[in-house]
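What follows is the content of input.txt, which has compact mmCIF, C-alpha atoms:
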```
# COMPACT_ATOMS: atom_id res chain seq x y z
CA MET A 1 10.60 20.46 -30.35
CA ASN A 2 7.52 19.13 -28.58
CA PHE A 3 7.48 17.91 -24.98
CA ILE A 4 8.25 14.28 -25.86
CA GLU A 5 11.11 15.24 -28.18
CA ARG A 6 12.63 17.50 -25.52
CA GLU A 7 12.60 14.66 -23.00
CA SER A 8 14.23 12.26 -25.46
CA GLU A 9 16.92 14.80 -26.25
CA VAL A 10 18.27 15.17 -22.71
CA PHE A 11 17.58 11.92 -20.79
CA PHE A 12 19.15 8.49 -20.87
CA HIS A 13 16.46 6.32 -22.45
CA THR A 14 15.62 4.29 -19.35
CA TYR A 15 11.87 4.93 -19.11
CA LYS A 16 8.98 4.17 -21.41
CA ARG A 17 6.99 7.30 -20.61
CA PHE A 18 3.27 7.87 -20.98
CA PRO A 19 2.70 10.62 -23.60
CA LEU A 20 1.12 12.94 -21.03
CA ASN A 21 2.27 16.35 -19.83
CA ILE A 22 1.02 16.33 -16.24
CA GLU A 23 0.52 19.75 -14.68
CA ARG A 24 -0.99 18.90 -11.30
CA GLY A 25 -2.67 16.27 -9.18
CA GLU A 26 -5.67 16.44 -6.87
CA GLY A 27 -6.98 13.54 -4.81
CA VAL A 28 -7.14 10.46 -7.04
CA TYR A 29 -6.84 12.50 -10.25
CA LEU A 30 -4.05 13.84 -12.44
CA PHE A 31 -4.53 16.77 -14.82
CA THR A 32 -2.58 17.50 -18.00
CA LYS A 33 -1.72 21.00 -19.18
CA ASP A 34 -4.72 20.99 -21.52
CA GLY A 35 -7.03 20.29 -18.56
CA THR A 36 -7.73 16.61 -19.27
CA ARG A 37 -8.45 14.67 -16.07
CA TYR A 38 -7.18 11.12 -15.50
CA LEU A 39 -8.18 8.72 -12.73
CA ASP A 40 -4.90 7.36 -11.35
CA ILE A 41 -5.17 3.68 -10.39
CA PHE A 42 -1.49 3.00 -9.81
CA ALA A 43 -0.57 6.03 -7.70
CA GLY A 44 3.07 6.51 -8.64
CA LEU A 45 3.55 2.73 -8.37
CA GLY A 46 2.19 2.73 -4.84
CA VAL A 47 3.99 5.84 -3.61
CA ASN A 48 1.04 8.24 -3.44
CA ALA A 49 -0.94 6.42 -0.79
CA LEU A 50 -3.00 9.53 -0.02
CA GLY A 51 -3.30 10.64 -3.63
CA TYR A 52 -2.19 14.09 -4.71
CA SER A 53 -1.99 17.43 -2.86
CA HIS A 54 -3.23 15.97 0.41
CA PRO A 55 -3.54 18.97 2.75
CA LYS A 56 -1.89 17.29 5.74
CA ILE A 57 1.17 16.34 3.70
CA ILE A 58 1.41 19.78 2.11
CA LYS A 59 1.14 21.41 5.54
CA ALA A 60 3.84 19.16 7.03
CA ILE A 61 6.21 19.88 4.13
CA HIS A 62 5.59 23.62 4.35
CA GLU A 63 6.14 23.78 8.11
CA GLN A 64 9.34 21.74 8.10
CA SER A 65 10.72 23.54 5.03
CA GLY A 66 10.52 26.78 6.98
CA LYS A 67 12.79 25.33 9.68
CA TYR A 68 15.50 23.47 7.77
CA LEU A 69 15.69 21.31 4.65
CA HIS A 70 18.70 19.22 5.64
CA LEU A 71 21.02 18.53 8.53
CA SER A 72 23.72 15.90 8.49
CA ASN A 73 23.03 12.79 10.53
CA TYR A 74 25.50 14.02 13.11
CA PHE A 75 22.54 16.00 14.48
CA LEU A 76 19.51 14.78 16.37
CA GLN A 77 16.44 15.64 14.28
CA GLU A 78 12.96 15.75 15.71
CA PRO A 79 11.13 14.75 12.48
CA GLN A 80 13.30 11.61 12.27
CA ILE A 81 12.72 10.68 15.88
CA GLN A 82 8.97 11.28 15.68
CA LEU A 83 8.63 9.15 12.56
CA ALA A 84 10.82 6.41 14.04
CA GLU A 85 8.67 6.38 17.17
CA VAL A 86 5.50 5.95 15.07
CA LEU A 87 7.10 3.17 13.01
CA THR A 88 8.33 1.24 16.02
CA LYS A 89 4.93 1.55 17.71
CA LEU A 90 3.06 0.43 14.59
CA SER A 91 5.39 -2.42 13.79
CA GLY A 92 6.57 -3.71 17.13
CA TYR A 93 10.17 -3.59 15.90
CA PRO A 94 12.55 -1.77 18.25
CA LYS A 95 15.05 -0.28 15.79
CA VAL A 96 14.84 1.83 12.59
CA PHE A 97 17.34 3.02 9.98
CA PHE A 98 16.21 5.57 7.38
CA SER A 99 17.38 5.45 3.76
CA ASN A 100 16.60 7.40 0.59
CA SER A 101 14.77 4.63 -1.24
CA GLY A 102 13.60 1.04 -1.21
CA THR A 103 16.59 -0.35 -3.07
CA GLU A 104 18.97 1.42 -0.69
CA ALA A 105 17.05 -0.07 2.23
CA ILE A 106 17.46 -3.52 0.65
CA GLU A 107 21.21 -2.93 0.42
CA GLY A 108 21.26 -1.89 4.07
CA ALA A 109 19.26 -4.96 5.08
CA MET A 110 21.75 -7.16 3.22
CA LYS A 111 24.64 -5.48 5.03
CA LEU A 112 22.88 -5.85 8.37
CA SER A 113 22.36 -9.54 7.67
CA ARG A 114 25.96 -10.08 6.58
CA LYS A 115 27.21 -8.39 9.75
CA TRP A 116 24.91 -10.54 11.89
CA GLY A 117 26.06 -13.75 10.23
CA SER A 118 29.76 -12.96 9.97
CA SER A 119 30.59 -14.53 13.32
CA LYS A 120 28.30 -17.51 12.76
CA GLY A 121 29.74 -18.90 9.53
CA LYS A 122 26.59 -17.93 7.65
CA THR A 123 27.05 -16.51 4.16
CA GLU A 124 24.20 -17.57 1.86
CA ILE A 125 21.20 -15.37 1.04
CA VAL A 126 18.19 -17.07 -0.54
CA SER A 127 15.63 -15.20 -2.63
CA PHE A 128 12.89 -16.16 -5.07
CA SER A 129 11.90 -16.17 -8.71
CA ASN A 130 9.99 -13.18 -10.07
CA ALA A 131 11.10 -11.06 -7.12
CA PHE A 132 11.82 -7.37 -7.54
CA HIS A 133 14.01 -5.79 -4.86
CA GLY A 134 15.47 -2.83 -6.75
CA ARG A 135 18.13 -1.97 -9.32
CA THR A 136 21.37 -1.67 -7.34
CA PHE A 137 23.91 -4.51 -7.47
CA GLY A 138 22.87 -6.09 -4.21
CA ALA A 139 19.20 -6.00 -5.15
CA LEU A 140 19.92 -7.36 -8.64
CA SER A 141 21.97 -10.17 -7.11
CA LEU A 142 18.80 -11.35 -5.37
CA MET A 143 16.72 -11.42 -8.56
CA ASP A 144 16.40 -13.90 -11.43
CA ASN A 145 14.79 -11.75 -14.14
CA GLU A 146 17.30 -11.35 -16.97
CA LYS A 147 15.42 -8.27 -18.17
CA TYR A 148 16.96 -6.37 -15.26
CA LYS A 149 20.28 -8.23 -15.02
CA ASN A 150 21.52 -8.86 -18.55
CA GLY A 151 24.81 -7.09 -19.24
CA TYR A 152 25.47 -6.02 -15.65
CA GLU A 153 27.32 -9.15 -14.54
CA PRO A 154 29.08 -10.22 -12.37
CA PHE A 155 26.83 -9.97 -9.32
CA LEU A 156 27.40 -10.67 -5.63
CA GLN A 157 28.38 -14.18 -4.65
CA ASN A 158 26.45 -16.32 -2.15
CA CYS A 159 23.06 -15.23 -3.46
CA THR A 160 20.70 -17.95 -4.68
CA SER A 161 17.29 -17.47 -6.28
CA ILE A 162 14.84 -20.38 -6.20
CA GLU A 163 11.22 -20.87 -7.23
CA PHE A 164 8.67 -18.82 -5.31
CA ASN A 165 6.12 -20.86 -3.34
CA ASN A 166 8.12 -24.07 -3.83
CA GLY A 167 8.53 -25.48 -0.32
CA GLU A 168 10.35 -28.57 -1.53
CA GLN A 169 13.01 -26.52 -3.28
CA LEU A 170 13.33 -24.29 -0.24
CA ARG A 171 13.98 -27.38 1.94
CA ALA A 172 16.63 -28.56 -0.49
CA THR A 173 18.38 -25.17 -0.52
CA VAL A 174 18.69 -23.87 3.04
CA THR A 175 21.44 -25.21 5.28
CA GLU A 176 23.45 -24.22 8.34
CA THR A 177 25.28 -21.68 6.18
CA THR A 178 22.08 -19.89 5.17
CA LEU A 179 22.30 -16.33 6.39
CA ALA A 180 18.93 -14.95 5.34
CA VAL A 181 15.84 -15.62 3.26
CA ILE A 182 14.34 -12.52 1.67
CA LEU A 183 10.89 -12.34 0.10
CA GLU A 184 7.94 -10.22 -0.82
CA PHE A 185 4.95 -11.89 0.80
CA ILE A 186 2.99 -10.46 -2.10
CA GLN A 187 5.20 -10.04 -5.13
CA GLY A 188 4.52 -6.75 -6.91
CA GLU A 189 6.57 -6.39 -10.07
CA GLY A 190 6.48 -10.18 -10.39
CA GLY A 191 2.75 -10.11 -11.08
CA VAL A 192 0.92 -9.52 -7.75
CA ARG A 193 1.58 -13.08 -6.56
CA PRO A 194 0.89 -13.84 -2.87
CA ALA A 195 2.88 -16.43 -0.96
CA THR A 196 0.90 -19.50 0.04
CA GLN A 197 0.39 -20.26 3.72
CA ALA A 198 1.94 -23.71 3.20
CA PHE A 199 5.09 -22.08 1.80
CA VAL A 200 5.29 -19.65 4.73
CA ASN A 201 4.79 -22.52 7.17
CA GLU A 202 7.73 -24.34 5.59
CA LEU A 203 9.84 -21.18 5.87
CA LYS A 204 9.06 -20.94 9.59
CA LEU A 205 9.99 -24.57 10.24
CA LEU A 206 13.28 -24.20 8.41
CA GLN A 207 14.13 -20.99 10.26
CA GLU A 208 13.61 -22.78 13.59
CA LYS A 209 15.96 -25.54 12.42
CA PHE A 210 18.73 -23.48 10.80
CA ASN A 211 18.51 -20.07 12.56
CA PHE A 212 18.63 -17.72 9.58
CA LEU A 213 17.10 -14.26 9.27
CA VAL A 214 13.81 -13.72 7.46
CA ILE A 215 13.75 -10.39 5.62
CA ALA A 216 10.37 -9.08 4.49
CA ASP A 217 10.42 -6.74 1.51
CA GLU A 218 7.35 -4.60 2.21
CA ILE A 219 8.36 -1.77 -0.12
CA GLN A 220 5.22 -2.06 -2.25
CA ALA A 221 2.83 -4.08 -0.08
CA GLY A 222 3.50 -2.48 3.29
CA LEU A 223 2.09 0.39 5.33
CA GLY A 224 -1.62 -0.26 4.98
CA ARG A 225 -2.02 -1.19 1.32
CA THR A 226 -3.30 -4.71 2.01
CA GLY A 227 -5.51 -3.73 4.94
CA ARG A 228 -2.76 -4.56 7.43
CA VAL A 229 0.34 -2.63 8.44
CA PHE A 230 2.42 -5.23 6.57
CA SER A 231 1.47 -7.92 4.08
CA PHE A 232 3.25 -10.60 6.14
CA GLN A 233 0.59 -10.07 8.82
CA HIS A 234 -1.81 -12.03 6.60
CA TYR A 235 0.38 -15.02 7.53
CA ASP A 236 1.46 -16.52 10.83
CA ILE A 237 5.06 -15.29 10.79
CA GLN A 238 7.21 -12.53 12.26
CA PRO A 239 10.24 -11.61 10.11
CA ASP A 240 13.46 -10.42 11.70
CA VAL A 241 14.01 -7.51 9.30
CA VAL A 242 11.39 -5.48 7.42
CA VAL A 243 12.10 -3.07 4.58
CA VAL A 244 9.64 -0.30 3.72
CA ALA A 245 9.68 2.64 1.32
CA LYS A 246 7.27 3.77 -1.42
CA PRO A 247 4.44 5.47 0.58
CA LEU A 248 6.61 6.17 3.62
CA GLY A 249 7.65 9.69 2.62
CA GLY A 250 4.24 10.83 1.43
CA GLY A 251 5.62 11.28 -2.09
CA LEU A 252 9.15 12.33 -1.07
CA PRO A 253 12.12 9.92 -1.23
CA LEU A 254 12.30 7.85 1.96
CA GLY A 255 12.87 4.24 2.92
CA ALA A 256 13.50 2.40 6.18
CA ILE A 257 14.86 -0.79 7.66
CA LEU A 258 13.13 -2.17 10.74
CA GLY A 259 14.89 -4.78 12.86
CA ASN A 260 13.98 -6.99 15.81
CA GLU A 261 16.01 -7.72 18.95
CA LYS A 262 18.10 -10.26 17.05
CA VAL A 263 19.75 -7.53 14.97
CA ALA A 264 19.10 -4.46 17.11
CA GLU A 265 22.71 -3.99 18.18
CA ILE A 266 24.47 -5.14 15.00
CA PHE A 267 24.99 -1.70 13.47
CA THR A 268 27.36 0.47 15.50
CA PRO A 269 28.53 4.05 14.85
CA GLY A 270 30.39 4.41 11.57
CA VAL A 271 29.68 0.98 10.06
CA HIS A 272 26.71 2.13 8.01
CA GLY A 273 25.26 5.50 7.10
CA THR A 274 23.71 7.80 4.53
CA THR A 275 23.93 11.47 3.63
CA PHE A 276 20.31 12.13 2.70
CA GLY A 277 18.49 9.21 4.35
CA GLY A 278 15.92 10.42 6.85
CA ASN A 279 15.67 13.85 5.25
CA PRO A 280 13.69 15.99 7.72
CA VAL A 281 11.16 17.24 5.16
CA ALA A 282 10.52 13.69 3.95
CA CYS A 283 10.17 12.49 7.55
CA ALA A 284 7.69 15.26 8.32
CA ALA A 285 5.66 14.33 5.25
CA GLY A 286 5.90 10.67 6.25
CA LEU A 287 4.64 11.40 9.73
CA GLY A 288 1.54 13.11 8.32
CA THR A 289 1.02 10.23 5.90
CA LEU A 290 1.22 7.46 8.50
CA ARG A 291 -1.11 9.28 10.86
CA GLU A 292 -3.70 9.60 8.12
CA ILE A 293 -3.36 5.95 7.08
CA PHE A 294 -3.46 4.42 10.55
CA GLU A 295 -5.37 6.93 12.68
CA ASN A 296 -7.93 8.24 10.20
CA GLY A 297 -9.18 5.06 8.58
CA MET A 298 -7.27 4.81 5.31
CA MET A 299 -6.01 1.30 6.07
CA THR A 300 -9.56 0.21 6.80
CA ASN A 301 -10.64 1.82 3.55
CA ALA A 302 -7.97 -0.18 1.72
CA ASP A 303 -9.40 -3.35 3.20
CA THR A 304 -13.07 -2.68 2.43
CA VAL A 305 -12.74 -0.97 -0.95
CA GLY A 306 -10.06 -3.47 -1.93
CA ALA A 307 -12.40 -6.38 -1.19
CA HIS A 308 -15.09 -4.73 -3.31
CA PHE A 309 -12.61 -4.08 -6.13
CA LYS A 310 -11.44 -7.70 -6.14
CA SER A 311 -15.03 -8.95 -6.11
CA GLU A 312 -15.83 -6.84 -9.18
CA LEU A 313 -12.73 -8.07 -10.98
CA LEU A 314 -13.64 -11.67 -10.20
CA LYS A 315 -17.08 -11.08 -11.72
CA MET A 316 -15.36 -9.79 -14.84
CA LYS A 317 -13.20 -12.91 -14.96
CA GLY A 318 -16.42 -14.90 -15.23
CA GLU A 319 -17.54 -12.69 -18.11
CA PHE A 320 -14.27 -13.02 -20.05
CA PRO A 321 -12.85 -16.49 -19.29
CA SER A 322 -10.84 -16.56 -22.53
CA LEU A 323 -9.17 -13.22 -21.72
CA ILE A 324 -8.68 -13.28 -17.94
CA LYS A 325 -6.62 -16.11 -16.49
CA GLU A 326 -6.61 -15.13 -12.82
CA VAL A 327 -7.41 -12.33 -10.35
CA ARG A 328 -4.97 -12.06 -7.43
CA GLY A 329 -4.04 -9.84 -4.52
CA ILE A 330 -5.15 -8.43 -1.19
CA GLY A 331 -6.60 -5.05 -0.27
CA LEU A 332 -5.63 -2.37 -2.78
CA MET A 333 -2.81 -4.41 -4.30
CA LEU A 334 -4.54 -6.34 -7.07
CA GLY A 335 -3.57 -7.99 -10.32
CA VAL A 336 -5.50 -9.31 -13.29
CA GLU A 337 -3.51 -11.85 -15.27
CA LEU A 338 -4.51 -11.84 -18.92
CA THR A 339 -4.04 -14.55 -21.52
CA PHE A 340 -2.25 -12.03 -23.76
CA ASP A 341 0.06 -9.01 -23.63
CA GLY A 342 -1.44 -6.36 -21.38
CA GLU A 343 0.13 -3.18 -22.80
CA PRO A 344 -2.66 -2.60 -25.38
CA ILE A 345 -5.14 -2.66 -22.49
CA VAL A 346 -3.11 -0.05 -20.62
CA THR A 347 -3.19 2.17 -23.70
CA ALA A 348 -6.93 1.65 -24.24
CA MET A 349 -7.67 2.47 -20.59
CA ARG A 350 -5.56 5.63 -20.85
CA GLU A 351 -7.68 6.68 -23.82
CA LYS A 352 -10.64 6.35 -21.45
CA ARG A 353 -8.81 8.65 -19.01
CA ILE A 354 -7.93 5.89 -16.52
CA LEU A 355 -4.31 5.13 -15.66
CA ILE A 356 -3.29 1.56 -14.86
CA ASN A 357 -0.06 -0.29 -15.51
CA CYS A 358 1.05 -3.70 -16.71
CA THR A 359 3.74 -5.84 -15.10
CA ALA A 360 5.19 -9.26 -15.87
CA GLN A 361 3.94 -8.58 -19.45
CA THR A 362 0.44 -10.01 -18.92
CA VAL A 363 -0.66 -8.72 -15.50
CA LEU A 364 -2.72 -5.55 -15.12
CA ARG A 365 -1.67 -4.09 -11.77
CA PHE A 366 -3.98 -1.95 -9.63
CA LEU A 367 -2.29 0.10 -6.86
CA PRO A 368 -4.68 3.02 -6.38
CA PRO A 369 -4.38 5.63 -3.64
CA LEU A 370 -5.76 4.33 -0.34
CA ILE A 371 -8.31 7.17 -0.43
CA ILE A 372 -10.09 5.61 -3.42
CA GLN A 373 -13.87 5.16 -3.13
CA GLU A 374 -16.28 2.60 -4.58
CA GLN A 375 -17.42 4.97 -7.32
CA HIS A 376 -13.83 5.05 -8.63
CA VAL A 377 -13.80 1.26 -8.63
CA THR A 378 -17.06 1.23 -10.59
CA GLU A 379 -15.62 3.69 -13.12
CA THR A 380 -12.46 1.61 -13.55
CA VAL A 381 -14.20 -1.75 -13.86
CA SER A 382 -16.78 -0.38 -16.30
CA ALA A 383 -14.05 1.03 -18.53
CA LEU A 384 -12.09 -2.22 -18.40
CA ARG A 385 -15.22 -4.18 -19.29
CA GLU A 386 -15.74 -1.95 -22.34
CA VAL A 387 -12.13 -2.42 -23.42
CA LEU A 388 -12.23 -6.19 -23.06
CA SER A 389 -15.59 -6.36 -24.87
CA SER A 390 -14.06 -4.59 -27.84
CA MET A 391 -11.11 -6.96 -28.11
CA SER A 392 -10.94 -8.55 -31.52
CA ILE A 393 -9.86 -11.79 -29.85
CA LEU A 394 -13.48 -12.27 -28.78
```
Would you mind writing the file's structure down as structure tokens?
Amino acid sequence: MNFIERESEVFFHTYKRFPLNIERGEGVYLFTKDGTRYLDIFAGLGVNALGYSHPKIIKAIHEQSGKYLHLSNYFLQEPQIQLAEVLTKLSGYPKVFFSNSGTEAIEGAMKLSRKWGSSKGKTEIVSFSNAFHGRTFGALSLMDNEKYKNGYEPFLQNCTSIEFNNGEQLRATVTETTLAVILEFIQGEGGVRPATQAFVNELKLLQEKFNFLVIADEIQAGLGRTGRVFSFQHYDIQPDVVVVAKPLGGGLPLGAILGNEKVAEIFTPGVHGTTFGGNPVACAAGLGTLREIFENGMMTNADTVGAHFKSELLKMKGEFPSLIKEVRGIGLMLGVELTFDGEPIVTAMREKRILINCTAQTVLRFLPPLIIQEQHVTETVSALREVLSSMSIL
């Protein structure tokens, strides 16, 4: 059997894999076993913020692995404490809880919110259309996309999904019983759709009136990708709870919940926990990653190269008005909405040795490593221009 047949033989068929046998990664490139080099412009769906084989991450993993790979959370662990100290300093939030993943952090944030609201008669959680918060039952209960939900019913009660960026519908939905409103300030899987400032302003006014928690899902957009620590910092708002993951562990599984003073004392010993969350090797890798992003200019690079990337994509929109509907995003979280199914473009770009992905069926999503340079942008845009020029639809 070949490599693809072997995979199909032993795995549940949950992933539509690229037909590539990757042997190693270096910087912004991936290499297959036959030596073919691919420019990676979606970086493990935003996980590999510093690309592949970054020496500081490799060093941190090696050093911590030589000490211990795991301790239970009954023990104080220096890598956890160091990473928590960096996160609280960067974010301004006083408390941290580490999880294994983004979806587990979402579950924890929901539990934290429920506990906070249990004595206040607050039970309803409001979320938004096209959101993606994960694949566990709590996360799915917050989402409206039947692609992810069909056949898994019933979901959690007291969860309502309404139209994203619809301030009028938000006003009609929240009440005194609203416990929390959860949102991605820039939706990722939903098509790289930013919240409008008017919508965020309405959210702030309603929070002042009804005293609910605002939960920011920063799993994809957070930790420097948009040129700020968090994507919500592009708006005039301060959420109560922030959830981060993807790049946090430097490529190893790690998520976190950050909470403000409002929820800082809600969790008490024994009411919530995790076996593997805050793994010391992942925390060590995460510490090296955050230092590189925020102390060595990678967030600034995301801002400047991202602005250049978006500018080039907007130029292309002018060249192909019948093919490109809209260019959206901030920093190095960008989307190109096409007027047709985007998967053939993904395939054509892969044939040109450039890896991108398509979400929401028609949106080409660009989530490159934060170390990307302008020459990589030029290479990507040039290849995309060639692919669009060859489209028979023209």
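Taking atom CA of Gly66 of chain A and atom CA of Pro79 of chain A as the two end points, the separation is 13.2 Å.
Our summary of the geometry notes that atom CA of Ile4 of chain A is positioned 27.7 Å from atom CA of Lys149 of chain A.
Nearest to Ala282 of chain A of all the residues A:Leu248, A:Leu156, A:Gly329, A:Val96 is A:Leu248, based on all atoms listed in the file.
When all atoms listed in the file are used to measure the gap to Lys317 of chain A, the shortest distance among A:Ala180, A:Met298, A:Leu384, A:Val242 belongs to A:Leu384.
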Given all atoms listed in the file as the counted atoms, nearest of A:Thr32, A:Thr88, A:Thr268, A:Thr339 to Leu388 of chain A | A:Thr339
Select, from A:Thr362, A:Ile22, A:Ala264, A:Leu90, the residue with the minimum atom-to-atom distance to Glu295 of chain A, counting only C-alpha atoms.
-> A:Leu90
Work out how far apart atom CA of Met349 of chain A and atom CA of Leu39 of chain A are and give it in Å to one decimal.
-> 10.1 Å
Report the closest atom pair, with its distance in Å rounded to one decimal, for each residue of segment 281-378 of chain A that has an atom no farther than 12 Å from segment 219-222 of chain A; count only C-alpha atoms, sort by chain and then rising residue number, and write it as CSV.
```
residue,atom,partner,partner_atom,distance
A:Leu290,CA,A:Gly222,CA,11.5
A:Ile293,CA,A:Gly222,CA,11.5
A:Met299,CA,A:Gly222,CA,10.6
A:Ala302,CA,A:Ala221,CA,11.6
A:Gly329,CA,A:Ala221,CA,10.0
A:Ile330,CA,A:Ala221,CA,9.2
A:Gly331,CA,A:Ala221,CA,9.5
A:Leu332,CA,A:Ala221,CA,9.0
A:Met333,CA,A:Ala221,CA,7.1
A:Leu334,CA,A:Ala221,CA,10.4
A:Arg365,CA,A:Gln220,CA,11.9
A:Phe366,CA,A:Gln220,CA,11.8
A:Leu367,CA,A:Gln220,CA,9.1
A:Pro368,CA,A:Gln220,CA,11.9
```
Output the selection as a compact mmCIF listing (two decimals), in the frame of the given file - C-alpha atoms for each residue.
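Saved file again_20.txt follows:
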```
# COMPACT_ATOMS: atom_id res chain seq x y z
CA LEU A 290 1.22 7.46 8.50
CA ILE A 293 -3.36 5.95 7.08
CA MET A 299 -6.01 1.30 6.07
CA ALA A 302 -7.97 -0.18 1.72
CA GLY A 329 -4.04 -9.84 -4.52
CA ILE A 330 -5.15 -8.43 -1.19
CA GLY A 331 -6.60 -5.05 -0.27
CA LEU A 332 -5.63 -2.37 -2.78
CA MET A 333 -2.81 -4.41 -4.30
CA LEU A 334 -4.54 -6.34 -7.07
CA ARG A 365 -1.67 -4.09 -11.77
CA PHE A 366 -3.98 -1.95 -9.63
CA LEU A 367 -2.29 0.10 -6.86
CA PRO A 368 -4.68 3.02 -6.38
```
Find the residues near Val86 of chain A: any atom within 9 Å, counting all atoms listed in the file, skip ones fewer than 5 places away on the same chain, and give them as number ranges by chain.
-> A: 81, 91, 287, 290-291
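Shortest atom-to-atom contact with Val28 of chain A among A:Glu202, A:Asp40, A:Glu379, A:Asp217: A:Asp40, counting all atoms listed in the file.
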Using only C-alpha atoms, what does the table of segment 308-388 of chain A residues within 12 Å of segment 13-17 of chain A look like, with each row giving the shortest atom pair and its distance in Å to one decimal, sorted by chain and ascending number, as JSON lines?
```
{"residue": "A:Glu343", "atom": "CA", "partner": "A:Lys16", "partner_atom": "CA", "distance": 11.6}
{"residue": "A:Thr347", "atom": "CA", "partner": "A:Arg17", "partner_atom": "CA", "distance": 11.8}
{"residue": "A:Asn357", "atom": "CA", "partner": "A:Arg17", "partner_atom": "CA", "distance": 11.5}
```
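Closest to Asn100 of chain A among A:Gly255, A:Pro154, A:Gly342, A:Gly25 is A:Gly255, based on all atoms listed in the file.
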Excluding same-chain residues fewer than 4 positions from Gly286 of chain A, what lies within 12 Å of it counting all atoms listed in the file, as a PyMOL selection string?
-> chain A and resi 47-50+56-61+64+79-84+86-87+98+223+244-256+278-282+290-293
Nearby residues, (11.0, -8.7, 23.3) file frame, 9 Å, all atoms listed in the file, as a compact mmCIF listing (two decimals) with C-alpha atoms, in the coordinates of the input:
```
# COMPACT_ATOMS: atom_id res chain seq x y z
CA PRO A 94 12.55 -1.77 18.25
CA ASN A 260 13.98 -6.99 15.81
CA GLU A 261 16.01 -7.72 18.95
```
Could you name the residues that touch Ala139 of chain A at 7 Å or less, counting only C-alpha atoms, but leaving out those on the same chain fewer than 3 positions away, as number ranges by chain?
-> A: 103, 106-107, 133-136, 142-143
What lies within 10 Å of Arg24 of chain A using only C-alpha atoms, ignoring chain neighbours under 2 positions off, as a ChimeraX atom specification?
-> /A:21-22,26,29-33,35,37,52-53
Selection to disk with C-alpha atoms, as a PDB file, keeping the file's coordinate frame:
```pdb
ATOM      1  CA  ASN A  21       2.270  16.350 -19.830  1.00  0.00           C
ATOM      2  CA  ILE A  22       1.020  16.330 -16.240  1.00  0.00           C
ATOM      3  CA  GLU A  26      -5.670  16.440  -6.870  1.00  0.00           C
ATOM      4  CA  TYR A  29      -6.840  12.500 -10.250  1.00  0.00           C
ATOM      5  CA  LEU A  30      -4.050  13.840 -12.440  1.00  0.00           C
ATOM      6  CA  PHE A  31      -4.530  16.770 -14.820  1.00  0.00           C
ATOM      7  CA  THR A  32      -2.580  17.500 -18.000  1.00  0.00           C
ATOM      8  CA  LYS A  33      -1.720  21.000 -19.180  1.00  0.00           C
ATOM      9  CA  GLY A  35      -7.030  20.290 -18.560  1.00  0.00           C
ATOM     10  CA  ARG A  37      -8.450  14.670 -16.070  1.00  0.00           C
ATOM     11  CA  TYR A  52      -2.190  14.090  -4.710  1.00  0.00           C
ATOM     12  CA  SER A  53      -1.990  17.430  -2.860  1.00  0.00           C
TER      13      SER A  53
END
```
Pull the neighbourhood of (1.3, -10.8, -10.1) for me: all residues within 12 Å in file coordinates, counting only C-alpha atoms, as a PyMOL selection string.
-> chain A and resi 129-132+164+184-195+325-330+333-338+357-367
